[in-house]
file my_file36.txt (compact mmCIF, N, CA and C atoms)
# COMPACT_ATOMS: atom_id res chain seq x y z
N MET A 5 -22.41 -129.54 20.71
CA MET A 5 -23.07 -130.59 21.45
C MET A 5 -22.45 -131.92 21.07
N TRP A 6 -22.02 -132.61 22.00
CA TRP A 6 -21.27 -133.85 21.84
C TRP A 6 -22.21 -135.00 21.56
N PRO A 7 -21.87 -135.93 20.77
CA PRO A 7 -20.71 -135.99 19.89
C PRO A 7 -21.01 -135.60 18.45
N PHE A 8 -22.28 -135.50 18.06
CA PHE A 8 -22.57 -135.38 16.64
C PHE A 8 -23.25 -134.08 16.22
N THR A 9 -23.74 -133.30 17.14
CA THR A 9 -24.50 -132.12 16.79
C THR A 9 -23.58 -130.90 16.72
N LYS A 10 -23.58 -130.25 15.57
CA LYS A 10 -22.79 -129.03 15.38
C LYS A 10 -23.63 -127.84 15.83
N GLN A 11 -23.00 -126.89 16.53
CA GLN A 11 -23.68 -125.68 16.97
C GLN A 11 -24.17 -124.91 15.75
N ARG A 12 -25.44 -124.53 15.76
CA ARG A 12 -26.02 -123.79 14.63
C ARG A 12 -25.45 -122.38 14.59
N ASP A 13 -25.30 -121.87 13.39
CA ASP A 13 -24.80 -120.51 13.17
C ASP A 13 -25.96 -119.54 13.38
N ILE A 14 -25.79 -118.59 14.26
CA ILE A 14 -26.84 -117.63 14.60
C ILE A 14 -27.32 -116.86 13.36
N ALA A 15 -26.48 -116.75 12.35
CA ALA A 15 -26.88 -116.07 11.11
C ALA A 15 -28.00 -116.83 10.39
N ASP A 16 -28.16 -118.11 10.69
CA ASP A 16 -29.21 -118.93 10.07
C ASP A 16 -30.56 -118.80 10.77
N LEU A 17 -30.61 -118.13 11.92
CA LEU A 17 -31.85 -118.00 12.66
C LEU A 17 -32.89 -117.27 11.81
N GLY A 18 -34.07 -117.84 11.73
CA GLY A 18 -35.15 -117.24 10.97
C GLY A 18 -35.22 -117.71 9.53
N GLU A 19 -34.28 -118.54 9.11
CA GLU A 19 -34.27 -119.02 7.73
C GLU A 19 -35.35 -120.08 7.48
N GLU A 20 -35.65 -120.89 8.50
CA GLU A 20 -36.63 -121.95 8.31
C GLU A 20 -38.01 -121.48 8.72
N GLU A 21 -39.03 -122.13 8.16
CA GLU A 21 -40.40 -121.83 8.55
C GLU A 21 -40.64 -122.43 9.94
N GLU A 22 -41.19 -121.64 10.83
CA GLU A 22 -41.41 -122.10 12.20
C GLU A 22 -42.64 -123.00 12.28
N GLN A 23 -42.53 -124.00 13.12
CA GLN A 23 -43.64 -124.92 13.39
C GLN A 23 -44.10 -124.69 14.83
N TRP A 24 -45.38 -124.38 14.99
CA TRP A 24 -45.95 -124.09 16.30
C TRP A 24 -46.98 -125.17 16.66
N SER A 25 -47.07 -125.48 17.95
CA SER A 25 -48.10 -126.38 18.47
C SER A 25 -48.89 -125.64 19.53
N VAL A 26 -50.17 -126.00 19.66
CA VAL A 26 -51.05 -125.36 20.65
C VAL A 26 -51.52 -126.42 21.63
N TYR A 27 -51.47 -126.07 22.92
CA TYR A 27 -51.88 -126.97 24.00
C TYR A 27 -52.80 -126.23 24.96
N GLU A 28 -53.64 -126.98 25.64
CA GLU A 28 -54.46 -126.41 26.71
C GLU A 28 -54.17 -127.19 27.97
N ALA A 29 -54.08 -126.48 29.08
CA ALA A 29 -53.83 -127.09 30.38
C ALA A 29 -54.78 -126.49 31.40
N SER A 30 -55.02 -127.22 32.45
CA SER A 30 -55.83 -126.72 33.55
C SER A 30 -54.91 -126.28 34.67
N THR A 31 -55.18 -125.11 35.23
CA THR A 31 -54.42 -124.61 36.37
C THR A 31 -55.41 -124.28 37.48
N ALA A 32 -54.91 -123.96 38.65
CA ALA A 32 -55.77 -123.59 39.77
C ALA A 32 -56.58 -122.34 39.45
N GLU A 33 -56.05 -121.48 38.56
CA GLU A 33 -56.73 -120.24 38.19
C GLU A 33 -57.68 -120.42 37.01
N GLY A 34 -57.70 -121.60 36.39
CA GLY A 34 -58.55 -121.84 35.23
C GLY A 34 -57.75 -122.35 34.06
N PRO A 35 -58.34 -122.33 32.86
CA PRO A 35 -57.63 -122.86 31.70
C PRO A 35 -56.46 -121.97 31.28
N MET A 36 -55.48 -122.62 30.71
CA MET A 36 -54.34 -121.92 30.13
C MET A 36 -54.11 -122.54 28.75
N VAL A 37 -54.00 -121.69 27.75
CA VAL A 37 -53.68 -122.14 26.40
C VAL A 37 -52.29 -121.61 26.11
N PHE A 38 -51.44 -122.47 25.57
CA PHE A 38 -50.13 -121.97 25.18
C PHE A 38 -49.73 -122.51 23.82
N ARG A 39 -49.08 -121.62 23.09
CA ARG A 39 -48.48 -121.95 21.81
C ARG A 39 -46.99 -122.07 22.03
N ILE A 40 -46.41 -123.16 21.52
CA ILE A 40 -44.97 -123.35 21.68
C ILE A 40 -44.34 -123.53 20.31
N ASN A 41 -43.23 -122.87 20.12
CA ASN A 41 -42.50 -122.92 18.86
C ASN A 41 -41.62 -124.17 18.88
N ALA A 42 -42.06 -125.22 18.16
CA ALA A 42 -41.29 -126.47 18.11
C ALA A 42 -39.97 -126.27 17.39
N THR A 43 -39.91 -125.35 16.45
CA THR A 43 -38.68 -125.07 15.72
C THR A 43 -37.60 -124.53 16.66
N ALA A 44 -38.03 -123.87 17.72
CA ALA A 44 -37.07 -123.27 18.66
C ALA A 44 -36.22 -124.33 19.36
N LYS A 45 -36.71 -125.57 19.42
CA LYS A 45 -35.96 -126.63 20.10
C LYS A 45 -34.54 -126.75 19.54
N GLN A 46 -34.39 -126.56 18.24
CA GLN A 46 -33.06 -126.68 17.63
C GLN A 46 -32.15 -125.51 18.00
N TRP A 47 -32.73 -124.44 18.55
CA TRP A 47 -31.94 -123.29 18.99
C TRP A 47 -31.77 -123.24 20.50
N ALA A 48 -32.46 -124.13 21.21
CA ALA A 48 -32.44 -124.12 22.68
C ALA A 48 -31.01 -124.17 23.21
N LYS A 49 -30.75 -123.32 24.17
CA LYS A 49 -29.47 -123.21 24.86
C LYS A 49 -28.34 -122.70 23.97
N HIS A 50 -28.69 -122.12 22.82
CA HIS A 50 -27.64 -121.54 21.97
C HIS A 50 -26.96 -120.43 22.76
N PRO A 51 -25.64 -120.42 22.82
CA PRO A 51 -24.95 -119.41 23.66
C PRO A 51 -25.22 -117.98 23.24
N SER A 52 -25.63 -117.75 22.00
CA SER A 52 -25.92 -116.39 21.55
C SER A 52 -27.36 -115.97 21.84
N LEU A 53 -28.16 -116.89 22.36
CA LEU A 53 -29.57 -116.59 22.66
C LEU A 53 -29.85 -116.90 24.13
N SER A 54 -29.12 -116.26 25.00
CA SER A 54 -29.19 -116.59 26.43
C SER A 54 -30.03 -115.62 27.25
N ILE A 55 -30.64 -114.64 26.60
CA ILE A 55 -31.45 -113.66 27.32
C ILE A 55 -32.92 -113.95 27.04
N ARG A 56 -33.66 -114.20 28.09
CA ARG A 56 -35.11 -114.43 27.97
C ARG A 56 -35.83 -113.11 28.21
N VAL A 57 -36.74 -112.79 27.30
CA VAL A 57 -37.55 -111.58 27.45
C VAL A 57 -39.01 -112.00 27.42
N GLY A 58 -39.75 -111.53 28.41
CA GLY A 58 -41.18 -111.80 28.45
C GLY A 58 -41.96 -110.50 28.45
N PHE A 59 -42.97 -110.44 27.60
CA PHE A 59 -43.89 -109.30 27.58
C PHE A 59 -45.24 -109.81 28.05
N ALA A 60 -45.66 -109.35 29.21
CA ALA A 60 -46.96 -109.73 29.76
C ALA A 60 -47.95 -108.60 29.48
N VAL A 61 -49.14 -108.99 29.04
CA VAL A 61 -50.17 -108.03 28.69
C VAL A 61 -51.44 -108.39 29.48
N PRO A 62 -51.73 -107.65 30.57
CA PRO A 62 -52.98 -107.92 31.30
C PRO A 62 -54.18 -107.64 30.39
N LEU A 63 -55.18 -108.51 30.48
CA LEU A 63 -56.38 -108.32 29.67
C LEU A 63 -57.16 -107.12 30.18
N ASN A 64 -57.77 -106.39 29.27
CA ASN A 64 -58.65 -105.28 29.66
C ASN A 64 -59.95 -105.81 30.24
N ALA A 65 -60.48 -106.87 29.64
CA ALA A 65 -61.72 -107.51 30.11
C ALA A 65 -61.34 -108.88 30.64
N GLN A 66 -60.85 -108.89 31.87
CA GLN A 66 -60.39 -110.15 32.46
C GLN A 66 -61.54 -111.11 32.68
N VAL A 67 -61.25 -112.39 32.45
CA VAL A 67 -62.23 -113.47 32.60
C VAL A 67 -61.61 -114.51 33.53
N PRO A 68 -61.56 -114.23 34.84
CA PRO A 68 -60.96 -115.21 35.75
C PRO A 68 -61.64 -116.57 35.59
N GLY A 69 -60.82 -117.60 35.44
CA GLY A 69 -61.35 -118.94 35.25
C GLY A 69 -61.76 -119.23 33.82
N GLY A 70 -61.51 -118.28 32.91
CA GLY A 70 -61.89 -118.45 31.50
C GLY A 70 -60.75 -118.08 30.58
N LEU A 71 -61.12 -117.65 29.39
CA LEU A 71 -60.15 -117.21 28.39
C LEU A 71 -60.61 -115.87 27.81
N PRO A 72 -59.74 -115.14 27.13
CA PRO A 72 -60.11 -113.82 26.61
C PRO A 72 -61.30 -113.88 25.65
N GLU A 73 -62.04 -112.80 25.63
CA GLU A 73 -63.12 -112.66 24.66
C GLU A 73 -62.50 -112.56 23.26
N PRO A 74 -63.19 -113.05 22.23
CA PRO A 74 -62.63 -113.03 20.87
C PRO A 74 -62.18 -111.66 20.38
N ALA A 75 -62.93 -110.61 20.67
CA ALA A 75 -62.56 -109.27 20.20
C ALA A 75 -61.24 -108.82 20.81
N GLU A 76 -61.07 -109.06 22.10
CA GLU A 76 -59.82 -108.67 22.74
C GLU A 76 -58.68 -109.56 22.25
N ASN A 77 -58.96 -110.81 22.01
CA ASN A 77 -57.93 -111.71 21.50
C ASN A 77 -57.41 -111.22 20.14
N LEU A 78 -58.28 -110.69 19.30
CA LEU A 78 -57.85 -110.12 18.02
C LEU A 78 -56.92 -108.92 18.24
N GLN A 79 -57.27 -108.07 19.20
CA GLN A 79 -56.39 -106.94 19.53
C GLN A 79 -55.03 -107.44 19.98
N LEU A 80 -55.03 -108.50 20.79
CA LEU A 80 -53.77 -109.04 21.31
C LEU A 80 -52.92 -109.67 20.22
N ASN A 81 -53.54 -110.17 19.17
CA ASN A 81 -52.77 -110.67 18.03
C ASN A 81 -51.98 -109.53 17.39
N GLU A 82 -52.61 -108.36 17.28
CA GLU A 82 -51.92 -107.19 16.74
C GLU A 82 -50.80 -106.73 17.68
N VAL A 83 -51.06 -106.78 18.98
CA VAL A 83 -50.03 -106.43 19.96
C VAL A 83 -48.84 -107.38 19.80
N GLU A 84 -49.11 -108.66 19.68
CA GLU A 84 -48.03 -109.64 19.50
C GLU A 84 -47.21 -109.33 18.25
N ASP A 85 -47.86 -109.01 17.15
CA ASP A 85 -47.15 -108.69 15.91
C ASP A 85 -46.22 -107.49 16.10
N ARG A 86 -46.69 -106.50 16.84
CA ARG A 86 -45.86 -105.29 17.06
C ARG A 86 -44.67 -105.61 17.96
N ILE A 87 -44.92 -106.43 18.99
CA ILE A 87 -43.81 -106.83 19.88
C ILE A 87 -42.79 -107.63 19.08
N LEU A 88 -43.26 -108.59 18.30
CA LEU A 88 -42.37 -109.43 17.51
C LEU A 88 -41.50 -108.59 16.58
N ALA A 89 -42.10 -107.66 15.88
CA ALA A 89 -41.35 -106.80 14.97
C ALA A 89 -40.29 -106.00 15.71
N ALA A 90 -40.65 -105.46 16.88
CA ALA A 90 -39.71 -104.65 17.65
C ALA A 90 -38.55 -105.50 18.17
N ILE A 91 -38.83 -106.69 18.64
CA ILE A 91 -37.77 -107.58 19.15
C ILE A 91 -36.86 -108.03 18.02
N MET A 92 -37.43 -108.40 16.89
CA MET A 92 -36.62 -108.87 15.77
C MET A 92 -35.70 -107.77 15.25
N ALA A 93 -36.10 -106.54 15.41
CA ALA A 93 -35.27 -105.42 14.96
C ALA A 93 -34.04 -105.22 15.84
N THR A 94 -33.99 -105.84 17.02
CA THR A 94 -32.84 -105.68 17.92
C THR A 94 -31.69 -106.60 17.56
N GLY A 95 -31.91 -107.57 16.70
CA GLY A 95 -30.87 -108.54 16.34
C GLY A 95 -31.43 -109.94 16.45
N PRO A 96 -30.55 -110.94 16.45
CA PRO A 96 -31.01 -112.32 16.50
C PRO A 96 -31.95 -112.57 17.68
N ALA A 97 -33.11 -113.16 17.37
CA ALA A 97 -34.13 -113.42 18.39
C ALA A 97 -35.09 -114.46 17.87
N ILE A 98 -35.77 -115.15 18.79
CA ILE A 98 -36.79 -116.11 18.41
C ILE A 98 -37.90 -116.10 19.44
N GLU A 99 -39.13 -116.02 18.96
CA GLU A 99 -40.28 -116.14 19.86
C GLU A 99 -40.48 -117.63 20.11
N VAL A 100 -40.64 -118.00 21.39
CA VAL A 100 -40.73 -119.42 21.72
C VAL A 100 -42.07 -119.82 22.33
N LEU A 101 -42.76 -118.90 22.98
CA LEU A 101 -44.01 -119.22 23.67
C LEU A 101 -44.98 -118.04 23.62
N ALA A 102 -46.26 -118.38 23.60
CA ALA A 102 -47.33 -117.40 23.82
C ALA A 102 -48.29 -118.08 24.78
N ILE A 103 -48.48 -117.49 25.94
CA ILE A 103 -49.29 -118.08 27.00
C ILE A 103 -50.53 -117.23 27.21
N THR A 104 -51.69 -117.89 27.26
CA THR A 104 -52.96 -117.18 27.41
C THR A 104 -53.73 -117.74 28.59
N THR A 105 -54.19 -116.84 29.46
CA THR A 105 -55.12 -117.20 30.53
C THR A 105 -56.28 -116.21 30.47
N GLY A 106 -57.15 -116.29 31.44
CA GLY A 106 -58.27 -115.37 31.49
C GLY A 106 -57.92 -114.00 32.03
N THR A 107 -56.66 -113.81 32.44
CA THR A 107 -56.26 -112.52 32.99
C THR A 107 -55.09 -111.86 32.25
N PHE A 108 -54.35 -112.63 31.45
CA PHE A 108 -53.21 -112.04 30.74
C PHE A 108 -52.81 -112.90 29.54
N LYS A 109 -52.00 -112.29 28.68
CA LYS A 109 -51.26 -113.01 27.65
C LYS A 109 -49.80 -112.67 27.85
N GLU A 110 -48.95 -113.64 27.61
CA GLU A 110 -47.51 -113.39 27.73
C GLU A 110 -46.80 -113.97 26.52
N TYR A 111 -45.83 -113.22 26.02
CA TYR A 111 -45.04 -113.61 24.86
C TYR A 111 -43.59 -113.73 25.31
N ILE A 112 -42.98 -114.90 25.06
CA ILE A 112 -41.62 -115.18 25.52
C ILE A 112 -40.68 -115.30 24.32
N PHE A 113 -39.54 -114.63 24.44
CA PHE A 113 -38.51 -114.63 23.40
C PHE A 113 -37.17 -114.98 24.03
N TYR A 114 -36.27 -115.51 23.21
CA TYR A 114 -34.86 -115.60 23.57
C TYR A 114 -34.11 -114.77 22.55
N ILE A 115 -33.23 -113.91 23.05
CA ILE A 115 -32.58 -112.93 22.19
C ILE A 115 -31.08 -112.88 22.45
N GLN A 116 -30.39 -112.20 21.55
CA GLN A 116 -28.96 -112.02 21.71
C GLN A 116 -28.63 -110.70 22.40
N ASN A 117 -29.27 -109.63 21.99
CA ASN A 117 -28.91 -108.29 22.44
C ASN A 117 -29.90 -107.76 23.47
N GLY A 118 -29.56 -107.85 24.73
CA GLY A 118 -30.44 -107.37 25.78
C GLY A 118 -30.28 -105.89 26.10
N GLU A 119 -29.29 -105.25 25.51
CA GLU A 119 -29.00 -103.86 25.84
C GLU A 119 -30.11 -102.90 25.42
N THR A 120 -30.92 -103.28 24.45
CA THR A 120 -31.94 -102.37 23.93
C THR A 120 -33.34 -102.65 24.47
N ILE A 121 -33.48 -103.62 25.35
CA ILE A 121 -34.82 -104.02 25.79
C ILE A 121 -35.57 -102.88 26.49
N ALA A 122 -34.90 -102.12 27.34
CA ALA A 122 -35.59 -101.01 28.01
C ALA A 122 -36.12 -100.01 26.98
N GLN A 123 -35.33 -99.72 25.95
CA GLN A 123 -35.77 -98.80 24.90
C GLN A 123 -36.95 -99.39 24.11
N VAL A 124 -36.84 -100.66 23.78
CA VAL A 124 -37.92 -101.33 23.03
C VAL A 124 -39.20 -101.30 23.84
N HIS A 125 -39.11 -101.62 25.13
CA HIS A 125 -40.28 -101.61 26.00
C HIS A 125 -40.90 -100.21 26.06
N ALA A 126 -40.08 -99.21 26.25
CA ALA A 126 -40.58 -97.83 26.32
C ALA A 126 -41.27 -97.42 25.02
N GLN A 127 -40.67 -97.76 23.90
CA GLN A 127 -41.27 -97.41 22.61
C GLN A 127 -42.59 -98.16 22.40
N LEU A 128 -42.63 -99.44 22.74
CA LEU A 128 -43.87 -100.21 22.60
C LEU A 128 -44.97 -99.65 23.51
N GLN A 129 -44.61 -99.23 24.71
CA GLN A 129 -45.60 -98.64 25.61
C GLN A 129 -46.20 -97.38 24.99
N GLN A 130 -45.39 -96.61 24.29
CA GLN A 130 -45.90 -95.41 23.61
C GLN A 130 -46.77 -95.78 22.41
N ASP A 131 -46.36 -96.80 21.68
CA ASP A 131 -47.04 -97.17 20.43
C ASP A 131 -48.32 -97.97 20.64
N ILE A 132 -48.41 -98.70 21.73
CA ILE A 132 -49.56 -99.57 21.96
C ILE A 132 -50.44 -98.93 23.04
N SER A 133 -51.57 -98.40 22.61
CA SER A 133 -52.45 -97.71 23.55
C SER A 133 -53.60 -98.60 24.02
N SER A 134 -53.80 -99.73 23.36
CA SER A 134 -54.94 -100.58 23.69
C SER A 134 -54.75 -101.36 24.99
N HIS A 135 -53.50 -101.62 25.37
CA HIS A 135 -53.22 -102.47 26.53
C HIS A 135 -51.98 -101.99 27.27
N GLU A 136 -51.93 -102.30 28.56
CA GLU A 136 -50.72 -102.11 29.35
C GLU A 136 -49.72 -103.17 28.91
N LEU A 137 -48.46 -102.82 28.91
CA LEU A 137 -47.43 -103.75 28.47
C LEU A 137 -46.34 -103.83 29.54
N GLN A 138 -46.18 -105.01 30.12
CA GLN A 138 -45.15 -105.22 31.12
C GLN A 138 -44.02 -106.03 30.48
N CYS A 139 -42.80 -105.81 30.94
CA CYS A 139 -41.66 -106.48 30.33
C CYS A 139 -40.66 -106.88 31.40
N VAL A 140 -40.09 -108.08 31.25
CA VAL A 140 -39.01 -108.52 32.12
C VAL A 140 -38.01 -109.29 31.27
N ALA A 141 -36.74 -109.06 31.54
CA ALA A 141 -35.68 -109.77 30.84
C ALA A 141 -34.73 -110.35 31.88
N SER A 142 -34.23 -111.54 31.59
CA SER A 142 -33.26 -112.15 32.50
C SER A 142 -32.34 -113.09 31.73
N HIS A 143 -31.20 -113.32 32.32
CA HIS A 143 -30.22 -114.23 31.74
C HIS A 143 -30.74 -115.65 31.97
N ASP A 144 -30.94 -116.41 30.91
CA ASP A 144 -31.47 -117.77 31.01
C ASP A 144 -30.81 -118.66 29.96
N PRO A 145 -29.51 -118.95 30.13
CA PRO A 145 -28.81 -119.74 29.12
C PRO A 145 -29.33 -121.18 29.00
N GLU A 146 -30.02 -121.67 30.00
CA GLU A 146 -30.55 -123.03 29.97
C GLU A 146 -31.96 -123.10 29.38
N TRP A 147 -32.52 -121.94 29.02
CA TRP A 147 -33.86 -121.87 28.43
C TRP A 147 -34.88 -122.58 29.35
N THR A 148 -34.83 -122.25 30.63
CA THR A 148 -35.66 -122.97 31.61
C THR A 148 -37.16 -122.79 31.38
N VAL A 149 -37.59 -121.60 30.97
CA VAL A 149 -39.02 -121.39 30.74
C VAL A 149 -39.48 -122.20 29.54
N TYR A 150 -38.75 -122.13 28.47
CA TYR A 150 -39.10 -122.92 27.28
C TYR A 150 -39.14 -124.41 27.63
N ALA A 151 -38.12 -124.88 28.33
CA ALA A 151 -38.04 -126.30 28.68
C ALA A 151 -39.22 -126.73 29.56
N SER A 152 -39.71 -125.83 30.40
CA SER A 152 -40.81 -126.20 31.29
C SER A 152 -42.13 -126.40 30.54
N PHE A 153 -42.23 -125.89 29.32
CA PHE A 153 -43.43 -126.06 28.50
C PHE A 153 -43.23 -127.10 27.40
N ASP A 154 -41.99 -127.44 27.11
CA ASP A 154 -41.69 -128.36 26.01
C ASP A 154 -42.23 -129.75 26.34
N GLN A 155 -42.99 -130.29 25.43
CA GLN A 155 -43.62 -131.61 25.64
C GLN A 155 -42.65 -132.72 25.36
call {"tool": "encode", "arguments": {"input": "my_file36.txt", "output": "structure tokens"}}
result
Amino acid sequence: MWPFTKQRDIADLGEEEEQWSVYEASTAEGPMVFRINATAKQWAKHPSLSIRVGFAVPLNAQVPGGLPEPAENLQLNEVEDRILAAIMATGPAIEVLAITTGTFKEYIFYIQNGETIAQVHAQLQQDISSHELQCVASHDPEWTVYASFDQ
């Protein structure tokens, strides 16, 4: 990055403690709460992290116009931990967003190795019986989803 910023070495990813911020927004469908990884800003648009992966988890007890019930939210925290562990096992990766509405939660990552995502998704679907797990991956070198939430 011109003129003074040196490209970070992907081997350093995960070395620093991540700083997260939580925001609430109003949408036509109701409230949305999102957590954004502020530490990820220093990795944004890194050429080795150009694949965006999103795991959407529809709520079992949907609350249109609201937010998840506390008990289900606790289950979803465990789901997030399992997704995070599986993604991190594929190689360099960083979780950048967690989005919550009254109908779903979504976890967004930027990763290096997209070749294993179908396998990771299939294994997570087998391992996680509490919720349906949807997955989509796409090439996003500009980190457009992260940037759209960055304050």
call {"tool": "atom_distance", "arguments": {"input": "my_file36.txt", "atom1": "atom CA of A:Ala60", "atom2": "atom CA of A:Arg39"}}
result
14.7 Å
call {"tool": "closest_atom_pairs", "arguments": {"input": "my_file36.txt", "of": "stretch 48-95 of chain A", "to": "stretch 118-124 of chain A", "cutoff": "7 Å", "atoms": "only C-alpha atoms", "output": "Markdown table"}}
result
| residue | atom | partner | partner_atom | distance |
| --- | --- | --- | --- | --- |
| A:Ile55 | CA | A:Gly118 | CA | 6.6 |
| A:Ala90 | CA | A:Val124 | CA | 6.6 |
| A:Thr94 | CA | A:Thr120 | CA | 6.9 |
call {"tool": "write_last_selection", "arguments": {"input": "my_file36.txt", "atoms": "N, CA and C atoms", "output": "PDB file, keeping the file's coordinate frame"}}
result
ATOM      1  N   ILE A  55     -30.640-114.640  26.600  1.00  0.00           N
ATOM      2  CA  ILE A  55     -31.450-113.660  27.320  1.00  0.00           C
ATOM      3  C   ILE A  55     -32.920-113.950  27.040  1.00  0.00           C
ATOM      4  N   ALA A  90     -40.650-105.460  16.880  1.00  0.00           N
ATOM      5  CA  ALA A  90     -39.710-104.650  17.650  1.00  0.00           C
ATOM      6  C   ALA A  90     -38.550-105.500  18.170  1.00  0.00           C
ATOM      7  N   THR A  94     -33.990-105.840  17.020  1.00  0.00           N
ATOM      8  CA  THR A  94     -32.840-105.680  17.920  1.00  0.00           C
ATOM      9  C   THR A  94     -31.690-106.600  17.560  1.00  0.00           C
TER      10      THR A  94
END
call {"tool": "atom_distance", "arguments": {"input": "my_file36.txt", "atom1": "atom CA of A:Ile87", "atom2": "atom CA of A:Leu128"}}
result
7.2 Å
call {"tool": "atom_distance", "arguments": {"input": "my_file36.txt", "atom1": "atom CA of A:Ala151", "atom2": "atom C of A:His50"}}
result
13.9 Å
call {"tool": "closest_residue", "arguments": {"input": "my_file36.txt", "among": "A:Gly58, A:Glu73, A:Ser142, A:Gln129", "to": "A:Glu110", "atoms": "all atoms listed in the file"}}
result
A:Gly58
call {"tool": "select_by_dssp", "arguments": {"input": "my_file36.txt", "residues": "stretch 44-78 of chain A", "states": "alpha helix (DSSP H)", "output": "PyMOL selection string"}}
result
chain A and resi 74-78
call {"tool": "residues_near_point", "arguments": {"input": "my_file36.txt", "point": "(-61.0, -109.9, 24.3)", "cutoff": "12 Å", "atoms": "only C-alpha atoms", "output": "list of chain:residue names"}}
result
A:Val61, A:Pro62, A:Leu63, A:Asn64, A:Ala65, A:Gln66, A:Val67, A:Gly70, A:Leu71, A:Pro72, A:Glu73, A:Pro74, A:Ala75, A:Glu76, A:Asn77, A:Leu78, A:Gln79, A:Leu80, A:Asn81, A:Thr104, A:Thr105, A:Gly106, A:Thr107, A:Phe108, A:Lys109, A:Ser134, A:His135
call {"tool": "write_last_selection", "arguments": {"input": "my_file36.txt", "atoms": "N, CA and C atoms", "output": "short mmCIF file (atom, residue, chain, number, x, y, z; two decimals), in the frame of the given file"}}
result
data_model
loop_
_atom_site.label_atom_id
_atom_site.label_comp_id
_atom_site.auth_asym_id
_atom_site.auth_seq_id
_atom_site.Cartn_x
_atom_site.Cartn_y
_atom_site.Cartn_z
N VAL A 61 -49.14 -108.99 29.04
CA VAL A 61 -50.17 -108.03 28.69
C VAL A 61 -51.44 -108.39 29.48
N PRO A 62 -51.73 -107.65 30.57
CA PRO A 62 -52.98 -107.92 31.30
C PRO A 62 -54.18 -107.64 30.39
N LEU A 63 -55.18 -108.51 30.48
CA LEU A 63 -56.38 -108.32 29.67
C LEU A 63 -57.16 -107.12 30.18
N ASN A 64 -57.77 -106.39 29.27
CA ASN A 64 -58.65 -105.28 29.66
C ASN A 64 -59.95 -105.81 30.24
N ALA A 65 -60.48 -106.87 29.64
CA ALA A 65 -61.72 -107.51 30.11
C ALA A 65 -61.34 -108.88 30.64
N GLN A 66 -60.85 -108.89 31.87
CA GLN A 66 -60.39 -110.15 32.46
C GLN A 66 -61.54 -111.11 32.68
N VAL A 67 -61.25 -112.39 32.45
CA VAL A 67 -62.23 -113.47 32.60
C VAL A 67 -61.61 -114.51 33.53
N GLY A 70 -61.51 -118.28 32.91
CA GLY A 70 -61.89 -118.45 31.50
C GLY A 70 -60.75 -118.08 30.58
N LEU A 71 -61.12 -117.65 29.39
CA LEU A 71 -60.15 -117.21 28.39
C LEU A 71 -60.61 -115.87 27.81
N PRO A 72 -59.74 -115.14 27.13
CA PRO A 72 -60.11 -113.82 26.61
C PRO A 72 -61.30 -113.88 25.65
N GLU A 73 -62.04 -112.80 25.63
CA GLU A 73 -63.12 -112.66 24.66
C GLU A 73 -62.50 -112.56 23.26
N PRO A 74 -63.19 -113.05 22.23
CA PRO A 74 -62.63 -113.03 20.87
C PRO A 74 -62.18 -111.66 20.38
N ALA A 75 -62.93 -110.61 20.67
CA ALA A 75 -62.56 -109.27 20.20
C ALA A 75 -61.24 -108.82 20.81
N GLU A 76 -61.07 -109.06 22.10
CA GLU A 76 -59.82 -108.67 22.74
C GLU A 76 -58.68 -109.56 22.25
N ASN A 77 -58.96 -110.81 22.01
CA ASN A 77 -57.93 -111.71 21.50
C ASN A 77 -57.41 -111.22 20.14
N LEU A 78 -58.28 -110.69 19.30
CA LEU A 78 -57.85 -110.12 18.02
C LEU A 78 -56.92 -108.92 18.24
N GLN A 79 -57.27 -108.07 19.20
CA GLN A 79 -56.39 -106.94 19.53
C GLN A 79 -55.03 -107.44 19.98
N LEU A 80 -55.03 -108.50 20.79
CA LEU A 80 -53.77 -109.04 21.31
C LEU A 80 -52.92 -109.67 20.22
N ASN A 81 -53.54 -110.17 19.17
CA ASN A 81 -52.77 -110.67 18.03
C ASN A 81 -51.98 -109.53 17.39
N THR A 104 -51.69 -117.89 27.26
CA THR A 104 -52.96 -117.18 27.41
C THR A 104 -53.73 -117.74 28.59
N THR A 105 -54.19 -116.84 29.46
CA THR A 105 -55.12 -117.20 30.53
C THR A 105 -56.28 -116.21 30.47
N GLY A 106 -57.15 -116.29 31.44
CA GLY A 106 -58.27 -115.37 31.49
C GLY A 106 -57.92 -114.00 32.03
N THR A 107 -56.66 -113.81 32.44
CA THR A 107 -56.26 -112.52 32.99
C THR A 107 -55.09 -111.86 32.25
N PHE A 108 -54.35 -112.63 31.45
CA PHE A 108 -53.21 -112.04 30.74
C PHE A 108 -52.81 -112.90 29.54
N LYS A 109 -52.00 -112.29 28.68
CA LYS A 109 -51.26 -113.01 27.65
C LYS A 109 -49.80 -112.67 27.85
N SER A 134 -53.80 -99.73 23.36
CA SER A 134 -54.94 -100.58 23.69
C SER A 134 -54.75 -101.36 24.99
N HIS A 135 -53.50 -101.62 25.37
CA HIS A 135 -53.22 -102.47 26.53
C HIS A 135 -51.98 -101.99 27.27
#
call {"tool": "select_by_dssp", "arguments": {"input": "my_file36.txt", "residues": "stretch 14-140 of chain A", "states": "strand (DSSP E or B)", "output": "ChimeraX atom specification"}}
result
/A:24-31,34-41,55-62,97-104,108-115,138-140
call {"tool": "closest_residue", "arguments": {"input": "my_file36.txt", "among": "A:Leu88, A:Cys139, A:Ile132, A:Val100", "to": "A:Ser152", "atoms": "only C-alpha atoms"}}
result
A:Val100
